[in-house]
Amino acid sequence: MSRIDELEKLTKSESLMIKRRRSGKTQAQMAEKYGVSLSTYGLWERSNQKKAPNVKIAVLAAHECCLLYRKRSNYTQDRVAKEMGISRYWLNKMEMGHEPCDDLLWYWEQ
């Protein structure tokens with residue numbers, strides 16, 4: 001099984017995070033949208049809470065896959081950036097989809 005196959009089933013928390021990032025909203029804005037406190041919404045994104053809303057994500061972009069690989073591996077951006085020989089700033093831009101992430105995708109799928 002390839003690494004990409006691992007991402008076929010997202011947790012509720014992963015789906016919420018991807019939806020929020022796609023919308024360009026902050027956790028505070030999403031908390032307001034769902035009518036919950038910021039701490040409750042943050043908990044939804046950090047842990048797979050049963051009370052969290054179900055969100056469907058059809059297809060993941062390459063940069064979103066890279067973000068999820070890192071989160072599931074429990075790696076920090078600093079660690080990955082150092083191992084790749086790039087700045088954390090540049091890694092962040094790749095994970096946000098603001099820069100091509102081919103090198104980052106290769107890092108995770110090697």
# chains A, B, ... in the order shown; residues from 1 in each chain; ligands from 1
call {"tool": "residues_around", "arguments": {"residues": "Val36 (chain A)", "least_positions_apart": "5", "cutoff": "12 Å", "atoms": "only C-alpha atoms", "output": "MDAnalysis selection string"}}
result
chainID A and resid 27:31 41:44 51:53
call {"tool": "atom_distance", "arguments": {"atom1": "CA of Gln49 (chain A)", "atom2": "CA of Arg21 (chain A)"}}
result
18.9 Å
call {"tool": "residues_around", "arguments": {"residues": "region 94-110 of chain A", "least_positions_apart": "2", "cutoff": "6 Å", "atoms": "only C-alpha atoms", "output": "list in words"}}
result
His63, Cys66, Leu67, Leu91 and Asn92 of chain A
call {"tool": "atom_distance", "arguments": {"atom1": "CA of Met84 (chain A)", "atom2": "CA of Leu68 (chain A)"}}
result
17.2 Å
call {"tool": "closest_residue", "arguments": {"among": "A:Tyr89, A:Glu45, A:Val59, A:Lys9", "to": "Gln77 (chain A)", "atoms": "only C-alpha atoms"}}
result
A:Tyr89
call {"tool": "atom_distance", "arguments": {"atom1": "CA of Val55 (chain A)", "atom2": "CA of Ser23 (chain A)"}}
result
13.0 Å
call {"tool": "select_by_dssp", "arguments": {"residues": "chain A", "states": "helix (DSSP H, G or I)", "output": "count of residues only"}}
result
72
call {"tool": "closest_residue", "arguments": {"among": "A:Asn48, A:Ile86, A:Lys71, A:Glu64", "to": "Arg20 (chain A)", "atoms": "only C-alpha atoms"}}
result
A:Glu64
